[in-house]
Amino acid sequence: MALPTTESVLADWRRRLSVTEDVWTVAVVIAPVLVEKGELREPLESIAARTGLTVHRVNECLRLLRKHACVHSRRGAEDGAPVYVLNQP
């Protein structure tokens with residue numbers, strides 16, 4: 001099976017859920033990291049800074065991506081940051 005690309009991951013997510021602008025903003029920031037590193041270990045504050053959204057809104061967007069099985073969370077990193085990984089089809 002081919003490894004996912006950022007483009008394939010985002011296309012899959014776009015098919016799975018009706019994406020609001022905020023969710024898409026978060027998705028575009030996190031998808032390349034998930035594809036390249038296999039996981040996302042980044043504090044919500046860092047994602048918020050990169051997207052211009054509030055930490056609360058970033059958390060809501062990540063929750064929606066989890067709810068639609070785009071990502072799932074694993075135990076948190078040592079610094080308390082959440083760890084997200086791609087859901088493989």
# chains A, B, ... in the order shown; residues from 1 in each chain; ligands from 1
call {"tool": "select_by_dssp", "arguments": {"residues": "chain A", "states": "alpha helix (DSSP H)", "output": "NGL selection string"}}
result
:A and (6-16 or 21-37 or 44-51 or 55-67)
call {"tool": "select_by_dssp", "arguments": {"residues": "segment 7-89 of chain A", "states": "strand (DSSP E)", "output": "list in words"}}
result
Leu40, Arg41, Val71, His72, Ser73, Arg74, Val83, Tyr84, Val85 and Leu86 of chain A
call {"tool": "write_last_selection", "arguments": {"atoms": "C-alpha atoms", "output": "PDB file, in the first residue's frame"}}
result
ATOM      1  CA  LEU A  40       1.742  15.232  15.801  1.00  0.00           C
ATOM      2  CA  ARG A  41       3.278  16.225  19.142  1.00  0.00           C
ATOM      3  CA  VAL A  71      -6.943  11.284  13.484  1.00  0.00           C
ATOM      4  CA  HIS A  72      -6.889   9.626  16.862  1.00  0.00           C
ATOM      5  CA  SER A  73      -5.091  10.619  19.989  1.00  0.00           C
ATOM      6  CA  ARG A  74      -2.544   8.601  21.888  1.00  0.00           C
ATOM      7  CA  VAL A  83      -0.210  13.273  20.589  1.00  0.00           C
ATOM      8  CA  TYR A  84      -2.231  12.658  17.436  1.00  0.00           C
ATOM      9  CA  VAL A  85      -1.691  10.027  14.762  1.00  0.00           C
ATOM     10  CA  LEU A  86      -3.351   9.448  11.415  1.00  0.00           C
TER      11      LEU A  86
END
call {"tool": "atom_distance", "arguments": {"atom1": "atom CA of Leu17 of chain A", "atom2": "atom CA of His68 of chain A"}}
result
6.7 Å
call {"tool": "residues_around", "arguments": {"residues": "Pro32 of chain A", "least_positions_apart": "5", "cutoff": "9 Å", "atoms": "only C-alpha atoms", "output": "list in words"}}
result
Thr5, Thr6, Glu7, Val9, Ala27 and Lys37 of chain A
call {"tool": "write_last_selection", "arguments": {"atoms": "all heavy atoms", "output": "mmCIF file, in the first residue's frame"}}
result
data_model
loop_
_atom_site.group_PDB
_atom_site.id
_atom_site.type_symbol
_atom_site.label_atom_id
_atom_site.label_comp_id
_atom_site.auth_asym_id
_atom_site.auth_seq_id
_atom_site.Cartn_x
_atom_site.Cartn_y
_atom_site.Cartn_z
ATOM 1 N N THR A 5 0.241 10.754 1.302
ATOM 2 C CA THR A 5 0.863 12.054 1.066
ATOM 3 C C THR A 5 -0.018 13.096 1.735
ATOM 4 O O THR A 5 -1.178 12.820 2.065
ATOM 5 C CB THR A 5 0.947 12.368 -0.441
ATOM 6 O OG1 THR A 5 -0.399 12.451 -0.952
ATOM 7 C CG2 THR A 5 1.727 11.304 -1.196
ATOM 8 N N THR A 6 0.532 14.278 1.922
ATOM 9 C CA THR A 6 -0.281 15.355 2.496
ATOM 10 C C THR A 6 -1.534 15.560 1.654
ATOM 11 O O THR A 6 -2.644 15.699 2.181
ATOM 12 C CB THR A 6 0.541 16.658 2.570
ATOM 13 O OG1 THR A 6 1.673 16.427 3.407
ATOM 14 C CG2 THR A 6 -0.284 17.795 3.137
ATOM 15 N N GLU A 7 -1.379 15.532 0.327
ATOM 16 C CA GLU A 7 -2.512 15.772 -0.572
ATOM 17 C C GLU A 7 -3.580 14.674 -0.415
ATOM 18 O O GLU A 7 -4.764 14.962 -0.376
ATOM 19 C CB GLU A 7 -2.043 15.839 -2.031
ATOM 20 C CG GLU A 7 -1.182 17.030 -2.355
ATOM 21 C CD GLU A 7 0.260 16.929 -1.810
ATOM 22 O OE1 GLU A 7 0.740 15.803 -1.534
ATOM 23 O OE2 GLU A 7 0.891 17.991 -1.659
ATOM 24 N N VAL A 9 -4.096 12.717 2.185
ATOM 25 C CA VAL A 9 -4.703 12.828 3.516
ATOM 26 C C VAL A 9 -5.751 13.938 3.527
ATOM 27 O O VAL A 9 -6.884 13.744 3.982
ATOM 28 C CB VAL A 9 -3.626 13.077 4.597
ATOM 29 C CG1 VAL A 9 -4.252 13.509 5.913
ATOM 30 C CG2 VAL A 9 -2.773 11.830 4.780
ATOM 31 N N ALA A 27 -6.315 21.568 9.644
ATOM 32 C CA ALA A 27 -5.964 20.377 8.867
ATOM 33 C C ALA A 27 -4.738 20.626 7.989
ATOM 34 O O ALA A 27 -3.830 19.795 7.919
ATOM 35 C CB ALA A 27 -7.154 19.949 8.004
ATOM 36 N N LYS A 37 6.097 12.843 9.946
ATOM 37 C CA LYS A 37 6.619 12.290 11.201
ATOM 38 C C LYS A 37 5.815 11.112 11.735
ATOM 39 O O LYS A 37 6.244 10.453 12.674
ATOM 40 C CB LYS A 37 6.674 13.387 12.271
ATOM 41 C CG LYS A 37 7.618 14.517 11.902
ATOM 42 C CD LYS A 37 7.730 15.516 13.021
ATOM 43 C CE LYS A 37 8.738 16.602 12.662
ATOM 44 N NZ LYS A 37 8.775 17.655 13.655
#
call {"tool": "atom_distance", "arguments": {"atom1": "atom CA of Cys70 of chain A", "atom2": "atom CA of Arg14 of chain A"}}
result
9.8 Å
call {"tool": "closest_residue", "arguments": {"among": "A:Ala69, A:Val58, A:Asn87, A:Ala31", "to": "Pro43 of chain A", "atoms": "only C-alpha atoms"}}
result
A:Val58
call {"tool": "atom_distance", "arguments": {"atom1": "atom CA of Arg15 of chain A", "atom2": "atom CA of Glu45 of chain A"}}
result
27.7 Å
call {"tool": "closest_residue", "arguments": {"among": "A:Cys61, A:Leu34, A:Val26, A:Ala48", "to": "Leu3 of chain A", "atoms": "only C-alpha atoms"}}
result
A:Leu34
call {"tool": "closest_residue", "arguments": {"among": "A:Leu44, A:Trp13, A:Arg75, A:Leu53", "to": "Thr25 of chain A", "atoms": "only C-alpha atoms"}}
result
A:Leu53
